[in-house]
$ cat entry_9.pdb   # PDB, N, CA and C atoms and all ligand atoms
ATOM      1  N   MET H  10      61.476 -49.165 -20.810
ATOM      2  CA  MET H  10      61.586 -50.554 -20.325
ATOM      3  C   MET H  10      60.367 -51.359 -20.744
ATOM      4  N   ASP H  11      60.632 -52.444 -21.481
ATOM      5  CA  ASP H  11      59.568 -53.362 -21.870
ATOM      6  C   ASP H  11      59.771 -54.646 -21.055
ATOM      7  N   GLU H  12      58.817 -54.957 -20.210
ATOM      8  CA  GLU H  12      58.934 -56.085 -19.270
ATOM      9  C   GLU H  12      59.194 -57.420 -19.968
ATOM     10  N   ASN H  13      58.783 -57.529 -21.233
ATOM     11  CA  ASN H  13      58.956 -58.796 -21.943
ATOM     12  C   ASN H  13      60.209 -58.832 -22.811
ATOM     13  N   CYS H  14      61.019 -57.801 -22.708
ATOM     14  CA  CYS H  14      62.153 -57.681 -23.627
ATOM     15  C   CYS H  14      63.454 -58.141 -22.954
ATOM     16  N   ILE H  15      64.089 -59.126 -23.576
ATOM     17  CA  ILE H  15      65.322 -59.692 -23.018
ATOM     18  C   ILE H  15      66.437 -58.640 -22.927
ATOM     19  N   PHE H  16      66.545 -57.762 -23.923
ATOM     20  CA  PHE H  16      67.612 -56.756 -23.885
ATOM     21  C   PHE H  16      67.331 -55.689 -22.827
ATOM     22  N   CYS H  17      66.063 -55.327 -22.622
ATOM     23  CA  CYS H  17      65.740 -54.411 -21.519
ATOM     24  C   CYS H  17      66.159 -55.023 -20.184
ATOM     25  N   LYS H  18      65.954 -56.328 -20.036
ATOM     26  CA  LYS H  18      66.326 -57.009 -18.783
ATOM     27  C   LYS H  18      67.838 -57.027 -18.612
ATOM     28  N   ILE H  19      68.551 -57.263 -19.721
ATOM     29  CA  ILE H  19      70.022 -57.237 -19.673
ATOM     30  C   ILE H  19      70.498 -55.852 -19.253
ATOM     31  N   ILE H  20      69.909 -54.809 -19.860
ATOM     32  CA  ILE H  20      70.298 -53.428 -19.552
ATOM     33  C   ILE H  20      70.009 -53.105 -18.081
ATOM     34  N   ARG H  21      68.912 -53.636 -17.555
ATOM     35  CA  ARG H  21      68.532 -53.410 -16.156
ATOM     36  C   ARG H  21      69.474 -54.132 -15.187
ATOM     37  N   GLY H  22      70.218 -55.110 -15.726
ATOM     38  CA  GLY H  22      71.185 -55.830 -14.891
ATOM     39  C   GLY H  22      70.668 -57.140 -14.337
ATOM     40  N   ASP H  23      69.536 -57.622 -14.855
ATOM     41  CA  ASP H  23      68.923 -58.846 -14.328
ATOM     42  C   ASP H  23      69.838 -60.070 -14.422
ATOM     43  N   PHE H  24      70.721 -60.094 -15.423
ATOM     44  CA  PHE H  24      71.551 -61.295 -15.650
ATOM     45  C   PHE H  24      73.035 -61.034 -15.389
ATOM     46  N   ASN H  25      73.334 -59.906 -14.764
ATOM     47  CA  ASN H  25      74.740 -59.559 -14.479
ATOM     48  C   ASN H  25      75.629 -59.622 -15.717
ATOM     49  N   THR H  26      75.094 -59.219 -16.849
ATOM     50  CA  THR H  26      75.846 -59.256 -18.113
ATOM     51  C   THR H  26      77.003 -58.266 -18.058
ATOM     52  N   ASP H  27      78.152 -58.731 -18.545
ATOM     53  CA  ASP H  27      79.343 -57.875 -18.594
ATOM     54  C   ASP H  27      79.232 -56.946 -19.812
ATOM     55  N   PHE H  28      79.281 -55.644 -19.577
ATOM     56  CA  PHE H  28      79.245 -54.693 -20.687
ATOM     57  C   PHE H  28      80.678 -54.367 -21.109
ATOM     58  N   VAL H  29      80.993 -54.621 -22.371
ATOM     59  CA  VAL H  29      82.354 -54.336 -22.835
ATOM     60  C   VAL H  29      82.551 -52.828 -23.011
ATOM     61  N   TYR H  30      81.450 -52.112 -23.190
ATOM     62  CA  TYR H  30      81.491 -50.648 -23.282
ATOM     63  C   TYR H  30      80.091 -50.158 -22.933
ATOM     64  N   GLU H  31      79.987 -48.977 -22.314
ATOM     65  CA  GLU H  31      78.670 -48.389 -22.060
ATOM     66  C   GLU H  31      78.815 -46.886 -21.891
ATOM     67  N   ASN H  32      77.769 -46.173 -22.192
ATOM     68  CA  ASN H  32      77.710 -44.741 -21.902
ATOM     69  C   ASN H  32      76.249 -44.387 -21.628
ATOM     70  N   GLU H  33      75.916 -43.111 -21.581
ATOM     71  CA  GLU H  33      74.549 -42.730 -21.183
ATOM     72  C   GLU H  33      73.490 -43.159 -22.199
ATOM     73  N   TYR H  34      73.904 -43.454 -23.425
ATOM     74  CA  TYR H  34      72.949 -43.790 -24.482
ATOM     75  C   TYR H  34      72.796 -45.289 -24.740
ATOM     76  N   LEU H  35      73.857 -46.043 -24.466
ATOM     77  CA  LEU H  35      73.894 -47.427 -24.976
ATOM     78  C   LEU H  35      74.758 -48.329 -24.106
ATOM     79  N   VAL H  36      74.542 -49.638 -24.309
ATOM     80  CA  VAL H  36      75.437 -50.634 -23.718
ATOM     81  C   VAL H  36      75.912 -51.546 -24.843
ATOM     82  N   VAL H  37      77.062 -52.175 -24.622
ATOM     83  CA  VAL H  37      77.608 -53.120 -25.600
ATOM     84  C   VAL H  37      77.987 -54.391 -24.852
ATOM     85  N   PHE H  38      77.481 -55.527 -25.349
ATOM     86  CA  PHE H  38      77.827 -56.806 -24.719
ATOM     87  C   PHE H  38      78.032 -57.852 -25.799
ATOM     88  N   LYS H  39      78.632 -58.985 -25.404
ATOM     89  CA  LYS H  39      78.925 -60.059 -26.353
ATOM     90  C   LYS H  39      77.653 -60.822 -26.708
ATOM     91  N   ASP H  40      77.532 -61.171 -27.973
ATOM     92  CA  ASP H  40      76.406 -62.004 -28.413
ATOM     93  C   ASP H  40      76.547 -63.402 -27.795
ATOM     94  N   ILE H  41      75.441 -63.934 -27.312
ATOM     95  CA  ILE H  41      75.441 -65.236 -26.640
ATOM     96  C   ILE H  41      75.737 -66.380 -27.613
ATOM     97  N   ASN H  42      75.469 -66.144 -28.889
ATOM     98  CA  ASN H  42      75.671 -67.167 -29.933
ATOM     99  C   ASN H  42      76.508 -66.551 -31.058
ATOM    100  N   PRO H  43      77.813 -66.368 -30.790
ATOM    101  CA  PRO H  43      78.649 -65.597 -31.719
ATOM    102  C   PRO H  43      78.776 -66.210 -33.110
ATOM    103  N   LYS H  44      78.682 -65.361 -34.121
ATOM    104  CA  LYS H  44      78.811 -65.808 -35.499
ATOM    105  C   LYS H  44      80.146 -65.372 -36.100
ATOM    106  N   ALA H  45      81.038 -64.917 -35.252
ATOM    107  CA  ALA H  45      82.398 -64.537 -35.638
ATOM    108  C   ALA H  45      83.231 -64.610 -34.354
ATOM    109  N   PRO H  46      84.577 -64.661 -34.474
ATOM    110  CA  PRO H  46      85.408 -64.732 -33.253
ATOM    111  C   PRO H  46      85.093 -63.607 -32.258
ATOM    112  N   VAL H  47      84.816 -62.421 -32.761
ATOM    113  CA  VAL H  47      84.323 -61.341 -31.900
ATOM    114  C   VAL H  47      82.954 -60.934 -32.433
ATOM    115  N   HIS H  48      81.935 -61.003 -31.587
ATOM    116  CA  HIS H  48      80.574 -60.645 -32.000
ATOM    117  C   HIS H  48      79.930 -59.849 -30.870
ATOM    118  N   LEU H  49      79.830 -58.542 -31.095
ATOM    119  CA  LEU H  49      79.262 -57.640 -30.087
ATOM    120  C   LEU H  49      77.898 -57.136 -30.546
ATOM    121  N   LEU H  50      77.103 -56.726 -29.569
ATOM    122  CA  LEU H  50      75.813 -56.095 -29.853
ATOM    123  C   LEU H  50      75.812 -54.708 -29.215
ATOM    124  N   VAL H  51      75.553 -53.707 -30.026
ATOM    125  CA  VAL H  51      75.465 -52.318 -29.548
ATOM    126  C   VAL H  51      73.973 -52.007 -29.405
ATOM    127  N   VAL H  52      73.556 -51.686 -28.173
ATOM    128  CA  VAL H  52      72.128 -51.662 -27.849
ATOM    129  C   VAL H  52      71.748 -50.355 -27.135
ATOM    130  N   PRO H  53      70.790 -49.597 -27.675
ATOM    131  CA  PRO H  53      70.373 -48.374 -26.982
ATOM    132  C   PRO H  53      69.729 -48.708 -25.636
ATOM    133  N   ARG H  54      69.928 -47.823 -24.647
ATOM    134  CA  ARG H  54      69.321 -48.061 -23.328
ATOM    135  C   ARG H  54      67.797 -47.979 -23.377
ATOM    136  N   ILE H  55      67.265 -47.154 -24.286
ATOM    137  CA  ILE H  55      65.800 -47.075 -24.365
ATOM    138  C   ILE H  55      65.280 -48.173 -25.287
ATOM    139  N   HIS H  56      64.046 -48.610 -25.014
ATOM    140  CA  HIS H  56      63.447 -49.677 -25.821
ATOM    141  C   HIS H  56      62.891 -49.105 -27.118
ATOM    142  N   VAL H  57      63.575 -49.428 -28.223
ATOM    143  CA  VAL H  57      63.105 -49.099 -29.576
ATOM    144  C   VAL H  57      63.042 -50.454 -30.288
ATOM    145  N   PRO H  58      61.872 -50.875 -30.798
ATOM    146  CA  PRO H  58      61.757 -52.232 -31.335
ATOM    147  C   PRO H  58      62.685 -52.540 -32.521
ATOM    148  N   SER H  59      62.839 -51.578 -33.422
ATOM    149  CA  SER H  59      63.703 -51.827 -34.582
ATOM    150  C   SER H  59      64.087 -50.492 -35.198
ATOM    151  N   LEU H  60      64.927 -50.544 -36.226
ATOM    152  CA  LEU H  60      65.331 -49.306 -36.910
ATOM    153  C   LEU H  60      64.113 -48.573 -37.471
ATOM    154  N   ASN H  61      63.084 -49.309 -37.829
ATOM    155  CA  ASN H  61      61.869 -48.686 -38.384
ATOM    156  C   ASN H  61      61.185 -47.725 -37.410
ATOM    157  N   GLU H  62      61.439 -47.908 -36.120
ATOM    158  CA  GLU H  62      60.797 -47.043 -35.114
ATOM    159  C   GLU H  62      61.743 -45.965 -34.597
ATOM    160  N   LEU H  63      62.945 -45.874 -35.167
ATOM    161  CA  LEU H  63      63.911 -44.889 -34.665
ATOM    162  C   LEU H  63      63.868 -43.612 -35.494
ATOM    163  N   ASP H  64      63.535 -42.484 -34.820
ATOM    164  CA  ASP H  64      63.501 -41.177 -35.488
ATOM    165  C   ASP H  64      64.560 -40.231 -34.935
ATOM    166  N   ASP H  65      65.161 -40.621 -33.817
ATOM    167  CA  ASP H  65      66.073 -39.732 -33.104
ATOM    168  C   ASP H  65      67.457 -39.755 -33.773
ATOM    169  N   LYS H  66      67.768 -38.689 -34.514
ATOM    170  CA  LYS H  66      69.046 -38.642 -35.252
ATOM    171  C   LYS H  66      70.235 -38.642 -34.313
ATOM    172  N   ASN H  67      70.056 -37.992 -33.168
ATOM    173  CA  ASN H  67      71.166 -37.954 -32.216
ATOM    174  C   ASN H  67      71.481 -39.360 -31.705
ATOM    175  N   LEU H  68      70.436 -40.113 -31.360
ATOM    176  CA  LEU H  68      70.654 -41.475 -30.864
ATOM    177  C   LEU H  68      71.278 -42.344 -31.966
ATOM    178  N   LEU H  69      70.814 -42.171 -33.187
ATOM    179  CA  LEU H  69      71.379 -42.928 -34.309
ATOM    180  C   LEU H  69      72.882 -42.667 -34.419
ATOM    181  N   GLY H  70      73.260 -41.408 -34.302
ATOM    182  CA  GLY H  70      74.676 -41.052 -34.340
ATOM    183  C   GLY H  70      75.441 -41.647 -33.166
ATOM    184  N   GLU H  71      74.836 -41.590 -31.983
ATOM    185  CA  GLU H  71      75.492 -42.143 -30.795
ATOM    186  C   GLU H  71      75.704 -43.647 -30.945
ATOM    187  N   LEU H  72      74.741 -44.333 -31.555
ATOM    188  CA  LEU H  72      74.881 -45.782 -31.739
ATOM    189  C   LEU H  72      76.063 -46.106 -32.650
ATOM    190  N   MET H  73      76.212 -45.354 -33.736
ATOM    191  CA  MET H  73      77.334 -45.597 -34.649
ATOM    192  C   MET H  73      78.667 -45.258 -33.979
ATOM    193  N   LEU H  74      78.689 -44.184 -33.189
ATOM    194  CA  LEU H  74      79.913 -43.865 -32.448
ATOM    195  C   LEU H  74      80.188 -44.942 -31.398
ATOM    196  N   GLY H  75      79.113 -45.526 -30.854
ATOM    197  CA  GLY H  75      79.254 -46.626 -29.896
ATOM    198  C   GLY H  75      79.893 -47.847 -30.544
ATOM    199  N   VAL H  76      79.544 -48.100 -31.804
ATOM    200  CA  VAL H  76      80.171 -49.197 -32.559
ATOM    201  C   VAL H  76      81.680 -48.973 -32.589
ATOM    202  N   LYS H  77      82.057 -47.774 -32.968
ATOM    203  CA  LYS H  77      83.476 -47.434 -33.094
ATOM    204  C   LYS H  77      84.204 -47.553 -31.751
ATOM    205  N   GLU H  78      83.589 -47.014 -30.710
ATOM    206  CA  GLU H  78      84.226 -47.042 -29.382
ATOM    207  C   GLU H  78      84.365 -48.471 -28.854
ATOM    208  N   ALA H  79      83.319 -49.282 -29.062
ATOM    209  CA  ALA H  79      83.363 -50.668 -28.578
ATOM    210  C   ALA H  79      84.430 -51.454 -29.337
ATOM    211  N   ALA H  80      84.513 -51.243 -30.657
ATOM    212  CA  ALA H  80      85.529 -51.930 -31.470
ATOM    213  C   ALA H  80      86.932 -51.569 -30.973
ATOM    214  N   LYS H  81      87.113 -50.293 -30.704
ATOM    215  CA  LYS H  81      88.405 -49.819 -30.210
ATOM    216  C   LYS H  81      88.741 -50.475 -28.869
ATOM    217  N   LYS H  82      87.732 -50.521 -28.019
ATOM    218  CA  LYS H  82      87.911 -51.073 -26.667
ATOM    219  C   LYS H  82      88.371 -52.529 -26.694
ATOM    220  N   VAL H  83      87.849 -53.324 -27.637
ATOM    221  CA  VAL H  83      88.241 -54.744 -27.697
ATOM    222  C   VAL H  83      89.380 -54.986 -28.694
ATOM    223  N   GLY H  84      89.926 -53.913 -29.270
ATOM    224  CA  GLY H  84      91.079 -54.043 -30.153
ATOM    225  C   GLY H  84      90.760 -54.477 -31.568
ATOM    226  N   LEU H  85      89.522 -54.218 -32.007
ATOM    227  CA  LEU H  85      89.116 -54.577 -33.378
ATOM    228  C   LEU H  85      89.400 -53.403 -34.304
ATOM    229  N   LYS H  86      90.285 -53.623 -35.263
ATOM    230  CA  LYS H  86      90.550 -52.546 -36.223
ATOM    231  C   LYS H  86      89.677 -52.706 -37.456
ATOM    232  N   SER H  87      89.284 -53.952 -37.709
ATOM    233  CA  SER H  87      88.525 -54.276 -38.908
ATOM    234  C   SER H  87      87.286 -55.065 -38.487
ATOM    235  N   TYR H  88      86.146 -54.645 -38.933
ATOM    236  CA  TYR H  88      84.908 -55.302 -38.485
ATOM    237  C   TYR H  88      83.751 -54.978 -39.432
ATOM    238  N   ARG H  89      82.728 -55.805 -39.352
ATOM    239  CA  ARG H  89      81.494 -55.593 -40.118
ATOM    240  C   ARG H  89      80.389 -55.214 -39.147
ATOM    241  N   THR H  90      79.406 -54.426 -39.625
ATOM    242  CA  THR H  90      78.241 -54.107 -38.809
ATOM    243  C   THR H  90      76.989 -54.575 -39.548
ATOM    244  N   GLN H  91      75.980 -54.946 -38.770
ATOM    245  CA  GLN H  91      74.733 -55.431 -39.380
ATOM    246  C   GLN H  91      73.543 -55.065 -38.496
ATOM    247  N   ILE H  92      72.476 -54.594 -39.129
ATOM    248  CA  ILE H  92      71.214 -54.342 -38.410
ATOM    249  C   ILE H  92      70.131 -55.143 -39.114
ATOM    250  N   ASN H  93      69.577 -56.135 -38.430
ATOM    251  CA  ASN H  93      68.452 -56.891 -38.989
ATOM    252  C   ASN H  93      67.176 -56.148 -38.604
ATOM    253  N   THR H  94      66.361 -55.848 -39.603
ATOM    254  CA  THR H  94      65.127 -55.099 -39.350
ATOM    255  C   THR H  94      63.937 -55.887 -39.872
ATOM    256  N   GLY H  95      63.129 -56.395 -38.935
ATOM    257  CA  GLY H  95      61.947 -57.173 -39.309
ATOM    258  C   GLY H  95      62.220 -58.669 -39.319
ATOM    259  N   LYS H  96      61.177 -59.418 -39.011
ATOM    260  CA  LYS H  96      61.241 -60.876 -38.894
ATOM    261  C   LYS H  96      61.823 -61.542 -40.138
ATOM    262  N   GLU H  97      61.366 -61.086 -41.297
ATOM    263  CA  GLU H  97      61.791 -61.737 -42.545
ATOM    264  C   GLU H  97      63.263 -61.491 -42.851
ATOM    265  N   ALA H  98      63.819 -60.454 -42.249
ATOM    266  CA  ALA H  98      65.251 -60.172 -42.431
ATOM    267  C   ALA H  98      66.085 -60.869 -41.358
ATOM    268  N   GLY H  99      65.416 -61.624 -40.480
ATOM    269  CA  GLY H  99      66.142 -62.374 -39.465
ATOM    270  C   GLY H  99      66.185 -61.734 -38.093
ATOM    271  N   GLN H 100      65.435 -60.631 -37.905
ATOM    272  CA  GLN H 100      65.431 -60.029 -36.563
ATOM    273  C   GLN H 100      64.695 -60.938 -35.590
ATOM    274  N   GLU H 101      65.381 -61.275 -34.496
ATOM    275  CA  GLU H 101      64.792 -62.169 -33.488
ATOM    276  C   GLU H 101      64.486 -61.426 -32.195
ATOM    277  N   VAL H 102      65.308 -60.434 -31.879
ATOM    278  CA  VAL H 102      65.088 -59.651 -30.663
ATOM    279  C   VAL H 102      64.600 -58.273 -31.090
ATOM    280  N   PHE H 103      63.389 -57.938 -30.658
ATOM    281  CA  PHE H 103      62.784 -56.673 -31.110
ATOM    282  C   PHE H 103      63.076 -55.530 -30.144
ATOM    283  N   HIS H 104      64.380 -55.333 -29.965
ATOM    284  CA  HIS H 104      64.948 -54.163 -29.289
ATOM    285  C   HIS H 104      66.158 -53.849 -30.167
ATOM    286  N   LEU H 105      66.108 -52.707 -30.823
ATOM    287  CA  LEU H 105      67.141 -52.324 -31.790
ATOM    288  C   LEU H 105      68.551 -52.654 -31.314
ATOM    289  N   HIS H 106      69.348 -53.219 -32.211
ATOM    290  CA  HIS H 106      70.748 -53.501 -31.889
ATOM    291  C   HIS H 106      71.570 -53.543 -33.165
ATOM    292  N   ILE H 107      72.835 -53.198 -33.034
ATOM    293  CA  ILE H 107      73.767 -53.270 -34.160
ATOM    294  C   ILE H 107      74.768 -54.383 -33.864
ATOM    295  N   HIS H 108      74.825 -55.343 -34.780
ATOM    296  CA  HIS H 108      75.830 -56.405 -34.660
ATOM    297  C   HIS H 108      77.183 -55.844 -35.103
ATOM    298  N   VAL H 109      78.225 -56.207 -34.369
ATOM    299  CA  VAL H 109      79.604 -55.858 -34.752
ATOM    300  C   VAL H 109      80.381 -57.173 -34.807
ATOM    301  N   LEU H 110      80.864 -57.492 -36.005
ATOM    302  CA  LEU H 110      81.510 -58.799 -36.207
ATOM    303  C   LEU H 110      82.942 -58.603 -36.701
ATOM    304  N   GLY H 111      83.863 -59.299 -36.035
ATOM    305  CA  GLY H 111      85.260 -59.192 -36.441
ATOM    306  C   GLY H 111      86.085 -60.338 -35.907
ATOM    307  N   LYS H 112      87.382 -60.291 -36.224
ATOM    308  CA  LYS H 112      88.310 -61.312 -35.738
ATOM    309  C   LYS H 112      89.202 -60.685 -34.701
TER     310      LYS H 112
HETATM  311  P1  LIG W   1      68.797 -60.449 -34.351
HETATM  312  O1  LIG W   1      68.611 -61.748 -35.071
HETATM  313  O2  LIG W   1      67.550 -60.017 -33.626
HETATM  314  O3  LIG W   1      69.400 -59.379 -35.200
HETATM  315  O4  LIG W   1      69.922 -60.748 -33.269
HETATM  316  C1  LIG W   1      69.660 -61.064 -31.958
HETATM  317  C2  LIG W   1      70.969 -61.549 -31.393
HETATM  318  O5  LIG W   1      70.861 -61.547 -29.987
HETATM  319  C3  LIG W   1      71.324 -62.979 -31.815
HETATM  320  O6  LIG W   1      72.587 -62.979 -32.477
HETATM  321  C4  LIG W   1      71.361 -63.754 -30.499
HETATM  322  O7  LIG W   1      72.399 -64.706 -30.449
HETATM  323  C5  LIG W   1      71.537 -62.662 -29.456
HETATM  324  N1  LIG W   1      70.907 -62.931 -28.182
HETATM  325  C6  LIG W   1      69.647 -63.386 -27.964
HETATM  326  N2  LIG W   1      69.393 -63.517 -26.652
HETATM  327  C7  LIG W   1      70.536 -63.107 -26.020
HETATM  328  C8  LIG W   1      70.898 -63.015 -24.646
HETATM  329  O8  LIG W   1      70.128 -63.325 -23.734
HETATM  330  N3  LIG W   1      72.152 -62.576 -24.369
HETATM  331  C9  LIG W   1      73.039 -62.216 -25.345
HETATM  332  N4  LIG W   1      74.245 -61.802 -24.962
HETATM  333  N5  LIG W   1      72.735 -62.296 -26.666
HETATM  334  C10 LIG W   1      71.494 -62.738 -26.987
HETATM  335 ZN    ZN W   2      63.837 -53.651 -24.855
END

$ encode --input "entry_9.pdb" --output "structure tokens"
Amino acid sequence: MDENCIFCKIIRGDFNTDFVYENEYLVVFKDINPKAPVHLLVVPRIHVPSLNELDDKNLLGELMLGVKEAAKKVGLKSYRTQINTGKEAGQEVFHLHIHVLGK
């Protein structure tokens, strides 16, 4: 838990965010500023600033399976995934997340 991290606060339940899918490793919620008709964020429960700081292969696998499960849950058969890593690549929230974009 990082006290200054918006996603840690969401995971803690500070904003009563609706999770479209969750398990022991991750939560999935809708992006507040969607860039596609369906725009989800798959977010690990632990605070990892970006992909550059992730060494846990099991968690990496769980995150990708979380993408699949969340897509299934909202009825997305076709979708794109994106991970922005670093400021220059457009990362704004420094708590690792996978964007899932679809119609
Ligand atoms: P990044 O640019 O870091 O890859 O993506 C961060 C994403 O988080 C952005 O698409 C932004 O709209 C979303 N976001 C930022 N703050 C919040 C928030 O408080 N709630 C939700 N649901 N999404 C957020
Ligand atoms: Zn965090």

$ closest_atom_pairs --input "entry_9.pdb" --of "chain H" --to "ligand ZN 2 (chain W)" --cutoff "10 Å" --atoms "only C-alpha atoms and all ligand atoms" --output "JSON lines"
{"residue": "H:Met10", "atom": "CA", "partner": "W:ZN2", "partner_atom": "ZN", "distance": 5.9}
{"residue": "H:Asp11", "atom": "CA", "partner": "W:ZN2", "partner_atom": "ZN", "distance": 5.2}
{"residue": "H:Glu12", "atom": "CA", "partner": "W:ZN2", "partner_atom": "ZN", "distance": 7.8}
{"residue": "H:Asn13", "atom": "CA", "partner": "W:ZN2", "partner_atom": "ZN", "distance": 7.7}
{"residue": "H:Cys14", "atom": "CA", "partner": "W:ZN2", "partner_atom": "ZN", "distance": 4.5}
{"residue": "H:Ile15", "atom": "CA", "partner": "W:ZN2", "partner_atom": "ZN", "distance": 6.5}
{"residue": "H:Phe16", "atom": "CA", "partner": "W:ZN2", "partner_atom": "ZN", "distance": 5.0}
{"residue": "H:Cys17", "atom": "CA", "partner": "W:ZN2", "partner_atom": "ZN", "distance": 3.9}
{"residue": "H:Lys18", "atom": "CA", "partner": "W:ZN2", "partner_atom": "ZN", "distance": 7.4}
{"residue": "H:Ile19", "atom": "CA", "partner": "W:ZN2", "partner_atom": "ZN", "distance": 8.8}
{"residue": "H:Ile20", "atom": "CA", "partner": "W:ZN2", "partner_atom": "ZN", "distance": 8.4}
{"residue": "H:Arg21", "atom": "CA", "partner": "W:ZN2", "partner_atom": "ZN", "distance": 9.9}
{"residue": "H:Val52", "atom": "CA", "partner": "W:ZN2", "partner_atom": "ZN", "distance": 9.0}
{"residue": "H:Pro53", "atom": "CA", "partner": "W:ZN2", "partner_atom": "ZN", "distance": 8.7}
{"residue": "H:Arg54", "atom": "CA", "partner": "W:ZN2", "partner_atom": "ZN", "distance": 8.0}
{"residue": "H:Ile55", "atom": "CA", "partner": "W:ZN2", "partner_atom": "ZN", "distance": 6.9}
{"residue": "H:His56", "atom": "CA", "partner": "W:ZN2", "partner_atom": "ZN", "distance": 4.1}
{"residue": "H:Val57", "atom": "CA", "partner": "W:ZN2", "partner_atom": "ZN", "distance": 6.6}
{"residue": "H:Pro58", "atom": "CA", "partner": "W:ZN2", "partner_atom": "ZN", "distance": 7.0}
{"residue": "H:Ser59", "atom": "CA", "partner": "W:ZN2", "partner_atom": "ZN", "distance": 9.9}
{"residue": "H:Val102", "atom": "CA", "partner": "W:ZN2", "partner_atom": "ZN", "distance": 8.4}
{"residue": "H:Phe103", "atom": "CA", "partner": "W:ZN2", "partner_atom": "ZN", "distance": 7.0}
{"residue": "H:His104", "atom": "CA", "partner": "W:ZN2", "partner_atom": "ZN", "distance": 4.6}
{"residue": "H:Leu105", "atom": "CA", "partner": "W:ZN2", "partner_atom": "ZN", "distance": 7.8}
{"residue": "H:His106", "atom": "CA", "partner": "W:ZN2", "partner_atom": "ZN", "distance": 9.9}

$ closest_residue --input "entry_9.pdb" --among "H:Leu110, H:Leu50, H:Leu35, H:Ala79" --to "ligand LIG 1 (chain W)" --atoms "all atoms listed in the file"
H:Leu50

$ atom_distance --input "entry_9.pdb" --atom1 "CA of Tyr34 in chain H" --atom2 "CA of Glu97 in chain H"
27.8 Å

$ select_by_dssp --input "entry_9.pdb" --residues "chain H" --states "strand (DSSP E or B)" --output "list in words"
Tyr30, Glu31, Leu35, Val36, Val37, Phe38, Lys39, Val47, His48, Leu49, Leu50, Val51, Val52, Pro53, Tyr88, Arg89, Thr90, Gln91, Ile107, His108, Val109, Leu110 and Gly111 of chain H

$ residues_near_ligand --input "entry_9.pdb" --ligand "ligand LIG 1 (chain W)" --cutoff "6 Å" --atoms "only C-alpha atoms and all ligand atoms" --output "JSON list (two decimals) with N, CA and C atoms, in the frame of the given file"
[["chain", "number", "residue", "atom", "x", "y", "z"],
["H", 39, "LYS", "N", 78.63, -58.98, -25.40],
["H", 39, "LYS", "CA", 78.92, -60.06, -26.35],
["H", 39, "LYS", "C", 77.65, -60.82, -26.71],
["H", 40, "ASP", "N", 77.53, -61.17, -27.97],
["H", 40, "ASP", "CA", 76.41, -62.00, -28.41],
["H", 40, "ASP", "C", 76.55, -63.40, -27.80],
["H", 41, "ILE", "N", 75.44, -63.93, -27.31],
["H", 41, "ILE", "CA", 75.44, -65.24, -26.64],
["H", 41, "ILE", "C", 75.74, -66.38, -27.61],
["H", 42, "ASN", "N", 75.47, -66.14, -28.89],
["H", 42, "ASN", "CA", 75.67, -67.17, -29.93],
["H", 42, "ASN", "C", 76.51, -66.55, -31.06],
["H", 93, "ASN", "N", 69.58, -56.14, -38.43],
["H", 93, "ASN", "CA", 68.45, -56.89, -38.99],
["H", 93, "ASN", "C", 67.18, -56.15, -38.60],
["H", 99, "GLY", "N", 65.42, -61.62, -40.48],
["H", 99, "GLY", "CA", 66.14, -62.37, -39.47],
["H", 99, "GLY", "C", 66.18, -61.73, -38.09],
["H", 100, "GLN", "N", 65.44, -60.63, -37.90],
["H", 100, "GLN", "CA", 65.43, -60.03, -36.56],
["H", 100, "GLN", "C", 64.69, -60.94, -35.59],
["H", 101, "GLU", "N", 65.38, -61.28, -34.50],
["H", 101, "GLU", "CA", 64.79, -62.17, -33.49],
["H", 101, "GLU", "C", 64.49, -61.43, -32.20],
["H", 102, "VAL", "N", 65.31, -60.43, -31.88],
["H", 102, "VAL", "CA", 65.09, -59.65, -30.66],
["H", 102, "VAL", "C", 64.60, -58.27, -31.09]]

$ closest_residue --input "entry_9.pdb" --among "H:Leu69, H:Ala98, H:Val83, H:Val47" --to "Val29 in chain H" --atoms "only N, CA and C atoms"
H:Val83

$ atom_distance --input "entry_9.pdb" --atom1 "CA of Glu62 in chain H" --atom2 "CA of Leu85 in chain H"
29.4 Å

$ atom_distance --input "entry_9.pdb" --atom1 "CA of Phe38 in chain H" --atom2 "atom N of Val109 in chain H"
9.7 Å

$ axis_aligned_box --input "entry_9.pdb" --around "range 66-73 of chain H" --padding-each-side "8 Å" --output "lines of an AutoDock Vina configuration file"
center_x = 73.2
center_y = -42.0
center_z = -33.0
size_x = 26.9
size_y = 24.2
size_z = 20.5

$ select_by_dssp --input "entry_9.pdb" --residues "chain H" --states "alpha helix (DSSP H)" --output "PyMOL selection string"
chain H and resi 15-21+66-82

$ closest_residue --input "entry_9.pdb" --among "H:Glu78, H:Ile107, H:Asp27, H:Asp65" --to "Ile92 in chain H" --atoms "only C-alpha atoms"
H:Ile107

$ resolve_selection --input "entry_9.pdb" --expression "the PyMOL selection byres (((chain H and resi 111) around 6.5) and not hetatm)" --output "VMD selection string"
chain H and resid 45 to 49 87 to 89 109 to 110 112

$ residues_around --input "entry_9.pdb" --residues "Lys82 in chain H" --least-positions-apart "5" --cutoff "12 Å" --atoms "only C-alpha atoms" --output "JSON, numbers by chain"
{"H": [28, 29, 30, 31, 37, 38, 49, 75, 76, 77]}
